[in-house]
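Novice: What follows is a structure written as structure tokens; I'll ask about it next.
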Number of protein chains: 2
Amino acid sequence: MSTDRGEPARQRLTRAEAKARTRRLLLDAAARVFARKGFAGASVEEIAESAGFSIGALYSNFGGKEALFLELMAERGLGRVSEAAQTLDRHEAGTGEAAAELGRLLVHVADKDTDFAPLQAEFWLYAVRNPHVLDTMATALREPRQALEGLIDTWLAERGAPADVPADSVATVVAALFQGLVRLRRVDPDSVPEELFGQALQWLFSGIGAAPAPARPADQD
Amino acid sequence: MSTDRGEPARQRLTRAEAKARTRRLLLDAAARVFARKGFAGASVEEIAESAGFSIGALYSNFGGKEALFLELMAERGLGRVSEAAQTLDRHEAGTGEAAAELGRLLVHVADKDTDFAPLQAEFWLYAVRNPHVLDTMATALREPRQALEGLIDTWLAERGAPADVPADSVATVVAALFQGLVRLRRVDPDSVPEELFGQALQWLFSGIGAAPAPARPADQD
DNA sequence: GTCTATAAACAGATAGAC
DNA sequence: GTCTATCTGTTTATAGAC
């Protein structure tokens, strides 16, 4: 309290606030560097310097490289998936409009937020390689998918599909398709035009409405 | 030629054959280790030992760690995607049966061939981070997708969908969905039951057949 | 709380023996 | 053609100054 001196005191940060700010800056830098170099390929030195600090600051705020990565994973493990649900919630009516909006989201994630998909892939790889993290990720991923599920319930009712169709399955399909298209677009943009995701959703929902009870896929033998 | 001595000469390998065998063993070991540790996380020592050789043998057969990785990528970059198309080609008639077959393929890739998806993710990350490899991968991925496209053309005709629907878009959607579901199943198997992929395809194709010309997604303003 | 300097371990790659 | 030994650079993590 009495330690501040002739300093201009530009922002007046308590030590706790300063430390929190450092942590935030380090976390953001870590997201950048991990996305661009991968978990193993990134060095703590590059992360610290990218945040404008030195290695010492990093170790004073986090247990180490792995702890920093895990904290980042807990913070943005499920990324924009929950954002997506919220964005779509505003377009309750009009599946077509919502589909177009989803198309824009895909383009944004794939083209603009260039660090997002690689970081997500890095999280996935880490989880697959570290079984005890796998469960954490599984439950973390279920949350945003349930948000999607609520939305899909609405769409389904709107389309006149019977309660017969399990909304959680549809939500899983939509989420998987989104991820797959984002990844593909990063490698070959021409093969995934902006409208493709919306188009696919139209096909999907139209098909769900058309075939009410496809419980038995095909038993023709 | 005159170097072999009292050795039992079990298989009689020429030096060229022996070297080819070493390369193959190293390549296979590299696939295992890269899948489990990642490109940066894997050490050449572990790869060499996993193949039953020493570091020297690796460097005598490949330019180095990166060259080994790139060769592996060229060899199995597109993985079972082309296999999938061939498998399905046998079930020309009966979309339902083909869908069930695809479901089994997904389960196999996700559950049995545990190294496949992580290795594929590693390839993708490498391509995204090395632009000059990106183009190579884009063209490599187009090939199996065209095989899928031919198959889809058949299904579409069978379903009575007009030529209106672009088969390449459908192929892209199917491929992206497959990849997305495989990844999700590795993390949360319960959320991706064995039949889900086939089910989703049924919905999709049924929807394509139902809505003949959805060229303009939604213009209601 | 953050920085500088350093310790200790490990990586990729090479040289020469066999 | 493959192995052993080694060189060189880099890495994580820590200790002590400020």
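We label chains A, B, ... in the order they appear in the structure tokens, count residues from 1 in each chain, and number ligands from 1 in the order shown.
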Do a neighbour search on DT14 in chain C at 12 Å with only C-alpha atoms (C1' of nucleotides), toss out local chain neighbours closer than 2 positions, and write the hits as a list in words.
Specialist: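 Surrounding residues, per the criterion: Ile55, Gly56, Tyr59, Ser60 and Gly64 of chain B; DG12 and DG16 of chain C; DA5, DT6, DC7 and DT8 of chain D.
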Novice: Extract the full set of alpha helix (DSSP H) residues from range 122-201 of chain A according to DSSP on the backbone, and format it as a PDB file with N, CA, C and O atoms, in the first residue's frame.
Specialist:
```
ATOM      1  N   GLU A 122      -4.879 -29.289 -31.414  1.00  0.00           N
ATOM      2  CA  GLU A 122      -3.834 -29.551 -30.424  1.00  0.00           C
ATOM      3  C   GLU A 122      -4.449 -30.059 -29.113  1.00  0.00           C
ATOM      4  O   GLU A 122      -3.934 -30.991 -28.497  1.00  0.00           O
ATOM      5  N   PHE A 123      -5.544 -29.467 -28.715  1.00  0.00           N
ATOM      6  CA  PHE A 123      -6.276 -29.921 -27.524  1.00  0.00           C
ATOM      7  C   PHE A 123      -6.733 -31.363 -27.704  1.00  0.00           C
ATOM      8  O   PHE A 123      -6.573 -32.203 -26.814  1.00  0.00           O
ATOM      9  N   TRP A 124      -7.308 -31.617 -28.856  1.00  0.00           N
ATOM     10  CA  TRP A 124      -7.817 -32.959 -29.125  1.00  0.00           C
ATOM     11  C   TRP A 124      -6.698 -33.996 -29.053  1.00  0.00           C
ATOM     12  O   TRP A 124      -6.846 -35.048 -28.412  1.00  0.00           O
ATOM     13  N   LEU A 125      -5.577 -33.685 -29.682  1.00  0.00           N
ATOM     14  CA  LEU A 125      -4.439 -34.608 -29.658  1.00  0.00           C
ATOM     15  C   LEU A 125      -3.943 -34.839 -28.237  1.00  0.00           C
ATOM     16  O   LEU A 125      -3.637 -35.967 -27.846  1.00  0.00           O
ATOM     17  N   TYR A 126      -3.877 -33.784 -27.474  1.00  0.00           N
ATOM     18  CA  TYR A 126      -3.415 -33.926 -26.095  1.00  0.00           C
ATOM     19  C   TYR A 126      -4.359 -34.831 -25.301  1.00  0.00           C
ATOM     20  O   TYR A 126      -3.914 -35.691 -24.539  1.00  0.00           O
ATOM     21  N   ALA A 127      -5.644 -34.636 -25.507  1.00  0.00           N
ATOM     22  CA  ALA A 127      -6.642 -35.436 -24.791  1.00  0.00           C
ATOM     23  C   ALA A 127      -6.542 -36.902 -25.196  1.00  0.00           C
ATOM     24  O   ALA A 127      -6.583 -37.801 -24.349  1.00  0.00           O
ATOM     25  N   VAL A 128      -6.391 -37.143 -26.488  1.00  0.00           N
ATOM     26  CA  VAL A 128      -6.309 -38.513 -26.980  1.00  0.00           C
ATOM     27  C   VAL A 128      -5.061 -39.211 -26.423  1.00  0.00           C
ATOM     28  O   VAL A 128      -5.069 -40.412 -26.168  1.00  0.00           O
ATOM     29  N   ARG A 129      -4.009 -38.425 -26.220  1.00  0.00           N
ATOM     30  CA  ARG A 129      -2.751 -39.008 -25.735  1.00  0.00           C
ATOM     31  C   ARG A 129      -2.661 -39.062 -24.224  1.00  0.00           C
ATOM     32  O   ARG A 129      -1.754 -39.698 -23.676  1.00  0.00           O
ATOM     33  N   PRO A 131      -5.189 -40.032 -21.426  1.00  0.00           N
ATOM     34  CA  PRO A 131      -6.501 -40.562 -21.053  1.00  0.00           C
ATOM     35  C   PRO A 131      -7.180 -39.853 -19.887  1.00  0.00           C
ATOM     36  O   PRO A 131      -8.398 -39.710 -19.891  1.00  0.00           O
ATOM     37  N   HIS A 132      -6.398 -39.403 -18.916  1.00  0.00           N
ATOM     38  CA  HIS A 132      -7.071 -38.802 -17.762  1.00  0.00           C
ATOM     39  C   HIS A 132      -7.637 -37.425 -18.109  1.00  0.00           C
ATOM     40  O   HIS A 132      -8.487 -36.891 -17.401  1.00  0.00           O
ATOM     41  N   VAL A 133      -7.188 -36.842 -19.210  1.00  0.00           N
ATOM     42  CA  VAL A 133      -7.743 -35.570 -19.667  1.00  0.00           C
ATOM     43  C   VAL A 133      -8.936 -35.814 -20.584  1.00  0.00           C
ATOM     44  O   VAL A 133      -9.809 -34.974 -20.749  1.00  0.00           O
ATOM     45  N   LEU A 134      -8.974 -37.018 -21.135  1.00  0.00           N
ATOM     46  CA  LEU A 134     -10.010 -37.368 -22.104  1.00  0.00           C
ATOM     47  C   LEU A 134     -11.416 -37.208 -21.533  1.00  0.00           C
ATOM     48  O   LEU A 134     -12.294 -36.635 -22.174  1.00  0.00           O
ATOM     49  N   ASP A 135     -11.603 -37.708 -20.316  1.00  0.00           N
ATOM     50  CA  ASP A 135     -12.922 -37.626 -19.694  1.00  0.00           C
ATOM     51  C   ASP A 135     -13.339 -36.177 -19.489  1.00  0.00           C
ATOM     52  O   ASP A 135     -14.486 -35.804 -19.740  1.00  0.00           O
ATOM     53  N   THR A 136     -12.399 -35.369 -19.039  1.00  0.00           N
ATOM     54  CA  THR A 136     -12.679 -33.951 -18.828  1.00  0.00           C
ATOM     55  C   THR A 136     -13.173 -33.303 -20.115  1.00  0.00           C
ATOM     56  O   THR A 136     -14.151 -32.556 -20.125  1.00  0.00           O
ATOM     57  N   MET A 137     -12.492 -33.614 -21.205  1.00  0.00           N
ATOM     58  CA  MET A 137     -12.863 -33.028 -22.483  1.00  0.00           C
ATOM     59  C   MET A 137     -14.225 -33.535 -22.948  1.00  0.00           C
ATOM     60  O   MET A 137     -15.016 -32.777 -23.500  1.00  0.00           O
ATOM     61  N   ALA A 138     -14.483 -34.803 -22.730  1.00  0.00           N
ATOM     62  CA  ALA A 138     -15.758 -35.371 -23.150  1.00  0.00           C
ATOM     63  C   ALA A 138     -16.929 -34.634 -22.497  1.00  0.00           C
ATOM     64  O   ALA A 138     -17.882 -34.237 -23.167  1.00  0.00           O
ATOM     65  N   THR A 139     -16.830 -34.431 -21.200  1.00  0.00           N
ATOM     66  CA  THR A 139     -17.919 -33.725 -20.504  1.00  0.00           C
ATOM     67  C   THR A 139     -17.966 -32.258 -20.918  1.00  0.00           C
ATOM     68  O   THR A 139     -19.042 -31.680 -21.045  1.00  0.00           O
ATOM     69  N   ALA A 140     -16.790 -31.673 -21.138  1.00  0.00           N
ATOM     70  CA  ALA A 140     -16.755 -30.272 -21.556  1.00  0.00           C
ATOM     71  C   ALA A 140     -17.417 -30.092 -22.919  1.00  0.00           C
ATOM     72  O   ALA A 140     -18.063 -29.082 -23.189  1.00  0.00           O
ATOM     73  N   LEU A 141     -17.260 -31.073 -23.786  1.00  0.00           N
ATOM     74  CA  LEU A 141     -17.848 -30.985 -25.128  1.00  0.00           C
ATOM     75  C   LEU A 141     -19.355 -31.224 -25.125  1.00  0.00           C
ATOM     76  O   LEU A 141     -20.056 -30.788 -26.022  1.00  0.00           O
ATOM     77  N   ARG A 142     -19.801 -31.939 -24.105  1.00  0.00           N
ATOM     78  CA  ARG A 142     -21.238 -32.235 -24.062  1.00  0.00           C
ATOM     79  C   ARG A 142     -22.070 -30.986 -23.809  1.00  0.00           C
ATOM     80  O   ARG A 142     -23.168 -30.846 -24.335  1.00  0.00           O
ATOM     81  N   GLU A 143     -21.520 -30.106 -23.021  1.00  0.00           N
ATOM     82  CA  GLU A 143     -22.241 -28.882 -22.643  1.00  0.00           C
ATOM     83  C   GLU A 143     -22.725 -28.053 -23.842  1.00  0.00           C
ATOM     84  O   GLU A 143     -23.928 -27.835 -24.000  1.00  0.00           O
ATOM     85  N   PRO A 144     -21.813 -27.610 -24.702  1.00  0.00           N
ATOM     86  CA  PRO A 144     -22.265 -26.804 -25.839  1.00  0.00           C
ATOM     87  C   PRO A 144     -23.154 -27.575 -26.806  1.00  0.00           C
ATOM     88  O   PRO A 144     -24.005 -26.982 -27.469  1.00  0.00           O
ATOM     89  N   ARG A 145     -22.958 -28.882 -26.844  1.00  0.00           N
ATOM     90  CA  ARG A 145     -23.785 -29.662 -27.747  1.00  0.00           C
ATOM     91  C   ARG A 145     -25.235 -29.690 -27.274  1.00  0.00           C
ATOM     92  O   ARG A 145     -26.162 -29.773 -28.061  1.00  0.00           O
ATOM     93  N   GLN A 146     -25.403 -29.598 -25.959  1.00  0.00           N
ATOM     94  CA  GLN A 146     -26.771 -29.563 -25.435  1.00  0.00           C
ATOM     95  C   GLN A 146     -27.450 -28.245 -25.754  1.00  0.00           C
ATOM     96  O   GLN A 146     -28.665 -28.197 -25.959  1.00  0.00           O
ATOM     97  N   ALA A 147     -26.643 -27.164 -25.813  1.00  0.00           N
ATOM     98  CA  ALA A 147     -27.197 -25.884 -26.230  1.00  0.00           C
ATOM     99  C   ALA A 147     -27.702 -25.993 -27.669  1.00  0.00           C
ATOM    100  O   ALA A 147     -28.812 -25.554 -27.993  1.00  0.00           O
ATOM    101  N   LEU A 148     -26.896 -26.601 -28.501  1.00  0.00           N
ATOM    102  CA  LEU A 148     -27.274 -26.834 -29.895  1.00  0.00           C
ATOM    103  C   LEU A 148     -28.548 -27.668 -29.969  1.00  0.00           C
ATOM    104  O   LEU A 148     -29.433 -27.421 -30.779  1.00  0.00           O
ATOM    105  N   GLU A 149     -28.604 -28.631 -29.073  1.00  0.00           N
ATOM    106  CA  GLU A 149     -29.742 -29.547 -29.064  1.00  0.00           C
ATOM    107  C   GLU A 149     -31.062 -28.812 -28.847  1.00  0.00           C
ATOM    108  O   GLU A 149     -32.053 -29.090 -29.522  1.00  0.00           O
ATOM    109  N   GLY A 150     -31.037 -27.860 -27.913  1.00  0.00           N
ATOM    110  CA  GLY A 150     -32.252 -27.086 -27.654  1.00  0.00           C
ATOM    111  C   GLY A 150     -32.706 -26.358 -28.902  1.00  0.00           C
ATOM    112  O   GLY A 150     -33.892 -26.343 -29.260  1.00  0.00           O
ATOM    113  N   LEU A 151     -31.728 -25.763 -29.577  1.00  0.00           N
ATOM    114  CA  LEU A 151     -31.994 -25.028 -30.800  1.00  0.00           C
ATOM    115  C   LEU A 151     -32.590 -25.942 -31.863  1.00  0.00           C
ATOM    116  O   LEU A 151     -33.556 -25.597 -32.549  1.00  0.00           O
ATOM    117  N   ILE A 152     -32.004 -27.120 -31.964  1.00  0.00           N
ATOM    118  CA  ILE A 152     -32.435 -28.079 -32.978  1.00  0.00           C
ATOM    119  C   ILE A 152     -33.852 -28.578 -32.712  1.00  0.00           C
ATOM    120  O   ILE A 152     -34.630 -28.799 -33.639  1.00  0.00           O
ATOM    121  N   ASP A 153     -34.175 -28.699 -31.438  1.00  0.00           N
ATOM    122  CA  ASP A 153     -35.538 -29.065 -31.067  1.00  0.00           C
ATOM    123  C   ASP A 153     -36.532 -28.103 -31.703  1.00  0.00           C
ATOM    124  O   ASP A 153     -37.551 -28.513 -32.264  1.00  0.00           O
ATOM    125  N   THR A 154     -36.201 -26.828 -31.591  1.00  0.00           N
ATOM    126  CA  THR A 154     -37.063 -25.797 -32.173  1.00  0.00           C
ATOM    127  C   THR A 154     -37.192 -25.971 -33.680  1.00  0.00           C
ATOM    128  O   THR A 154     -38.296 -25.958 -34.233  1.00  0.00           O
ATOM    129  N   TRP A 155     -36.054 -26.121 -34.322  1.00  0.00           N
ATOM    130  CA  TRP A 155     -36.050 -26.281 -35.783  1.00  0.00           C
ATOM    131  C   TRP A 155     -36.869 -27.495 -36.212  1.00  0.00           C
ATOM    132  O   TRP A 155     -37.604 -27.449 -37.194  1.00  0.00           O
ATOM    133  N   LEU A 156     -36.683 -28.558 -35.441  1.00  0.00           N
ATOM    134  CA  LEU A 156     -37.370 -29.797 -35.775  1.00  0.00           C
ATOM    135  C   LEU A 156     -38.890 -29.622 -35.702  1.00  0.00           C
ATOM    136  O   LEU A 156     -39.624 -30.040 -36.613  1.00  0.00           O
ATOM    137  N   ALA A 157     -39.323 -29.011 -34.622  1.00  0.00           N
ATOM    138  CA  ALA A 157     -40.754 -28.780 -34.437  1.00  0.00           C
ATOM    139  C   ALA A 157     -41.285 -27.917 -35.569  1.00  0.00           C
ATOM    140  O   ALA A 157     -42.345 -28.189 -36.153  1.00  0.00           O
ATOM    141  N   GLU A 158     -40.536 -26.906 -35.895  1.00  0.00           N
ATOM    142  CA  GLU A 158     -40.879 -25.965 -36.961  1.00  0.00           C
ATOM    143  C   GLU A 158     -41.055 -26.674 -38.305  1.00  0.00           C
ATOM    144  O   GLU A 158     -41.904 -26.334 -39.112  1.00  0.00           O
ATOM    145  N   ARG A 159     -40.200 -27.664 -38.510  1.00  0.00           N
ATOM    146  CA  ARG A 159     -40.239 -28.411 -39.771  1.00  0.00           C
ATOM    147  C   ARG A 159     -41.314 -29.498 -39.756  1.00  0.00           C
ATOM    148  O   ARG A 159     -41.542 -30.176 -40.755  1.00  0.00           O
ATOM    149  N   ALA A 167     -32.975 -35.516 -30.895  1.00  0.00           N
ATOM    150  CA  ALA A 167     -32.315 -34.238 -31.161  1.00  0.00           C
ATOM    151  C   ALA A 167     -30.833 -34.285 -30.821  1.00  0.00           C
ATOM    152  O   ALA A 167     -30.028 -33.575 -31.421  1.00  0.00           O
ATOM    153  N   ASP A 168     -30.443 -35.108 -29.852  1.00  0.00           N
ATOM    154  CA  ASP A 168     -29.027 -35.151 -29.489  1.00  0.00           C
ATOM    155  C   ASP A 168     -28.191 -35.765 -30.605  1.00  0.00           C
ATOM    156  O   ASP A 168     -27.063 -35.336 -30.845  1.00  0.00           O
ATOM    157  N   SER A 169     -28.755 -36.723 -31.308  1.00  0.00           N
ATOM    158  CA  SER A 169     -28.034 -37.283 -32.452  1.00  0.00           C
ATOM    159  C   SER A 169     -27.837 -36.229 -33.529  1.00  0.00           C
ATOM    160  O   SER A 169     -26.753 -36.090 -34.105  1.00  0.00           O
ATOM    161  N   VAL A 170     -28.891 -35.478 -33.777  1.00  0.00           N
ATOM    162  CA  VAL A 170     -28.806 -34.439 -34.797  1.00  0.00           C
ATOM    163  C   VAL A 170     -27.768 -33.390 -34.394  1.00  0.00           C
ATOM    164  O   VAL A 170     -26.970 -32.935 -35.214  1.00  0.00           O
ATOM    165  N   ALA A 171     -27.772 -33.036 -33.116  1.00  0.00           N
ATOM    166  CA  ALA A 171     -26.799 -32.047 -32.632  1.00  0.00           C
ATOM    167  C   ALA A 171     -25.372 -32.541 -32.823  1.00  0.00           C
ATOM    168  O   ALA A 171     -24.484 -31.791 -33.253  1.00  0.00           O
ATOM    169  N   THR A 172     -25.161 -33.814 -32.546  1.00  0.00           N
ATOM    170  CA  THR A 172     -23.824 -34.398 -32.738  1.00  0.00           C
ATOM    171  C   THR A 172     -23.411 -34.339 -34.198  1.00  0.00           C
ATOM    172  O   THR A 172     -22.278 -33.977 -34.528  1.00  0.00           O
ATOM    173  N   VAL A 173     -24.348 -34.679 -35.065  1.00  0.00           N
ATOM    174  CA  VAL A 173     -24.047 -34.653 -36.502  1.00  0.00           C
ATOM    175  C   VAL A 173     -23.703 -33.238 -36.955  1.00  0.00           C
ATOM    176  O   VAL A 173     -22.726 -33.018 -37.681  1.00  0.00           O
ATOM    177  N   VAL A 174     -24.476 -32.275 -36.503  1.00  0.00           N
ATOM    178  CA  VAL A 174     -24.237 -30.885 -36.895  1.00  0.00           C
ATOM    179  C   VAL A 174     -22.873 -30.408 -36.401  1.00  0.00           C
ATOM    180  O   VAL A 174     -22.108 -29.782 -37.143  1.00  0.00           O
ATOM    181  N   ALA A 175     -22.555 -30.739 -35.154  1.00  0.00           N
ATOM    182  CA  ALA A 175     -21.268 -30.324 -34.585  1.00  0.00           C
ATOM    183  C   ALA A 175     -20.098 -30.967 -35.322  1.00  0.00           C
ATOM    184  O   ALA A 175     -19.110 -30.302 -35.663  1.00  0.00           O
ATOM    185  N   ALA A 176     -20.218 -32.268 -35.592  1.00  0.00           N
ATOM    186  CA  ALA A 176     -19.148 -32.989 -36.287  1.00  0.00           C
ATOM    187  C   ALA A 176     -18.959 -32.445 -37.701  1.00  0.00           C
ATOM    188  O   ALA A 176     -17.828 -32.246 -38.160  1.00  0.00           O
ATOM    189  N   LEU A 177     -20.055 -32.172 -38.361  1.00  0.00           N
ATOM    190  CA  LEU A 177     -19.984 -31.635 -39.716  1.00  0.00           C
ATOM    191  C   LEU A 177     -19.295 -30.275 -39.717  1.00  0.00           C
ATOM    192  O   LEU A 177     -18.448 -29.989 -40.573  1.00  0.00           O
ATOM    193  N   PHE A 178     -19.650 -29.464 -38.751  1.00  0.00           N
ATOM    194  CA  PHE A 178     -19.031 -28.143 -38.637  1.00  0.00           C
ATOM    195  C   PHE A 178     -17.511 -28.260 -38.503  1.00  0.00           C
ATOM    196  O   PHE A 178     -16.756 -27.663 -39.267  1.00  0.00           O
ATOM    197  N   GLN A 179     -17.090 -29.064 -37.553  1.00  0.00           N
ATOM    198  CA  GLN A 179     -15.655 -29.251 -37.332  1.00  0.00           C
ATOM    199  C   GLN A 179     -14.951 -29.784 -38.569  1.00  0.00           C
ATOM    200  O   GLN A 179     -13.872 -29.325 -38.942  1.00  0.00           O
ATOM    201  N   GLY A 180     -15.578 -30.761 -39.196  1.00  0.00           N
ATOM    202  CA  GLY A 180     -14.985 -31.354 -40.385  1.00  0.00           C
ATOM    203  C   GLY A 180     -14.838 -30.363 -41.524  1.00  0.00           C
ATOM    204  O   GLY A 180     -13.801 -30.316 -42.193  1.00  0.00           O
ATOM    205  N   LEU A 181     -15.854 -29.554 -41.719  1.00  0.00           N
ATOM    206  CA  LEU A 181     -15.809 -28.576 -42.804  1.00  0.00           C
ATOM    207  C   LEU A 181     -14.787 -27.478 -42.537  1.00  0.00           C
ATOM    208  O   LEU A 181     -14.088 -27.030 -43.448  1.00  0.00           O
ATOM    209  N   VAL A 182     -14.684 -27.062 -41.288  1.00  0.00           N
ATOM    210  CA  VAL A 182     -13.691 -26.039 -40.939  1.00  0.00           C
ATOM    211  C   VAL A 182     -12.290 -26.545 -41.273  1.00  0.00           C
ATOM    212  O   VAL A 182     -11.492 -25.854 -41.907  1.00  0.00           O
ATOM    213  N   ARG A 183     -12.023 -27.763 -40.853  1.00  0.00           N
ATOM    214  CA  ARG A 183     -10.705 -28.343 -41.114  1.00  0.00           C
ATOM    215  C   ARG A 183     -10.409 -28.467 -42.596  1.00  0.00           C
ATOM    216  O   ARG A 183      -9.324 -28.144 -43.064  1.00  0.00           O
ATOM    217  N   LEU A 184     -11.408 -28.928 -43.333  1.00  0.00           N
ATOM    218  CA  LEU A 184     -11.221 -29.109 -44.766  1.00  0.00           C
ATOM    219  C   LEU A 184     -11.017 -27.770 -45.469  1.00  0.00           C
ATOM    220  O   LEU A 184     -10.196 -27.641 -46.377  1.00  0.00           O
ATOM    221  N   ARG A 185     -11.744 -26.773 -45.023  1.00  0.00           N
ATOM    222  CA  ARG A 185     -11.640 -25.458 -45.659  1.00  0.00           C
ATOM    223  C   ARG A 185     -10.260 -24.846 -45.469  1.00  0.00           C
ATOM    224  O   ARG A 185      -9.771 -24.099 -46.303  1.00  0.00           O
ATOM    225  N   ARG A 186      -9.624 -25.154 -44.352  1.00  0.00           N
ATOM    226  CA  ARG A 186      -8.287 -24.623 -44.121  1.00  0.00           C
ATOM    227  C   ARG A 186      -7.276 -25.178 -45.117  1.00  0.00           C
ATOM    228  O   ARG A 186      -6.286 -24.540 -45.449  1.00  0.00           O
ATOM    229  N   VAL A 187      -7.532 -26.387 -45.559  1.00  0.00           N
ATOM    230  CA  VAL A 187      -6.599 -27.021 -46.490  1.00  0.00           C
ATOM    231  C   VAL A 187      -6.974 -26.720 -47.941  1.00  0.00           C
ATOM    232  O   VAL A 187      -6.120 -26.454 -48.772  1.00  0.00           O
ATOM    233  N   LEU A 196     -21.878 -23.873 -48.216  1.00  0.00           N
ATOM    234  CA  LEU A 196     -22.001 -25.339 -48.136  1.00  0.00           C
ATOM    235  C   LEU A 196     -22.584 -25.828 -46.812  1.00  0.00           C
ATOM    236  O   LEU A 196     -23.429 -26.728 -46.801  1.00  0.00           O
ATOM    237  N   PHE A 197     -22.130 -25.238 -45.714  1.00  0.00           N
ATOM    238  CA  PHE A 197     -22.620 -25.711 -44.416  1.00  0.00           C
ATOM    239  C   PHE A 197     -24.125 -25.486 -44.291  1.00  0.00           C
ATOM    240  O   PHE A 197     -24.873 -26.396 -43.916  1.00  0.00           O
ATOM    241  N   GLY A 198     -24.565 -24.281 -44.643  1.00  0.00           N
ATOM    242  CA  GLY A 198     -25.993 -23.988 -44.596  1.00  0.00           C
ATOM    243  C   GLY A 198     -26.765 -24.930 -45.515  1.00  0.00           C
ATOM    244  O   GLY A 198     -27.804 -25.482 -45.130  1.00  0.00           O
ATOM    245  N   GLN A 199     -26.236 -25.136 -46.699  1.00  0.00           N
ATOM    246  CA  GLN A 199     -26.860 -26.029 -47.667  1.00  0.00           C
ATOM    247  C   GLN A 199     -27.018 -27.442 -47.102  1.00  0.00           C
ATOM    248  O   GLN A 199     -28.081 -28.062 -47.193  1.00  0.00           O
ATOM    249  N   ALA A 200     -25.946 -27.916 -46.487  1.00  0.00           N
ATOM    250  CA  ALA A 200     -25.963 -29.263 -45.911  1.00  0.00           C
ATOM    251  C   ALA A 200     -27.014 -29.368 -44.807  1.00  0.00           C
ATOM    252  O   ALA A 200     -27.726 -30.373 -44.698  1.00  0.00           O
ATOM    253  N   LEU A 201     -27.112 -28.308 -44.011  1.00  0.00           N
ATOM    254  CA  LEU A 201     -28.112 -28.322 -42.937  1.00  0.00           C
ATOM    255  C   LEU A 201     -29.526 -28.357 -43.505  1.00  0.00           C
ATOM    256  O   LEU A 201     -30.399 -29.039 -42.972  1.00  0.00           O
TER     257      LEU A 201
END
```
Novice: Distance limit 12 Å, atoms considered: only C-alpha atoms (C1' of nucleotides). Which chain A residues sit that close to chain D? Return them as a PyMOL selection string.
Specialist: chain A and resi 40-46+55-56+58-60+62-66
Novice: What residues in chain A have any atom no more than 12 Å from chain C when counting only C-alpha atoms (C1' of nucleotides), and can you write them as a ChimeraX atom specification?
Specialist: /A:14-23,41,48,52-61
Novice: Interatomic distance between CA of Glu71 in chain A and CA of Leu27 in chain A?
Specialist: 8.2 Å
Novice: Rank A:Gly103, A:Gly38, A:Pro162, A:Gly77 by their smallest atom-to-atom distance to chain B, using only C-alpha atoms, and report the top residue only.
Specialist: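 Among the listed residues, A:Gly38 lies closest to chain B.
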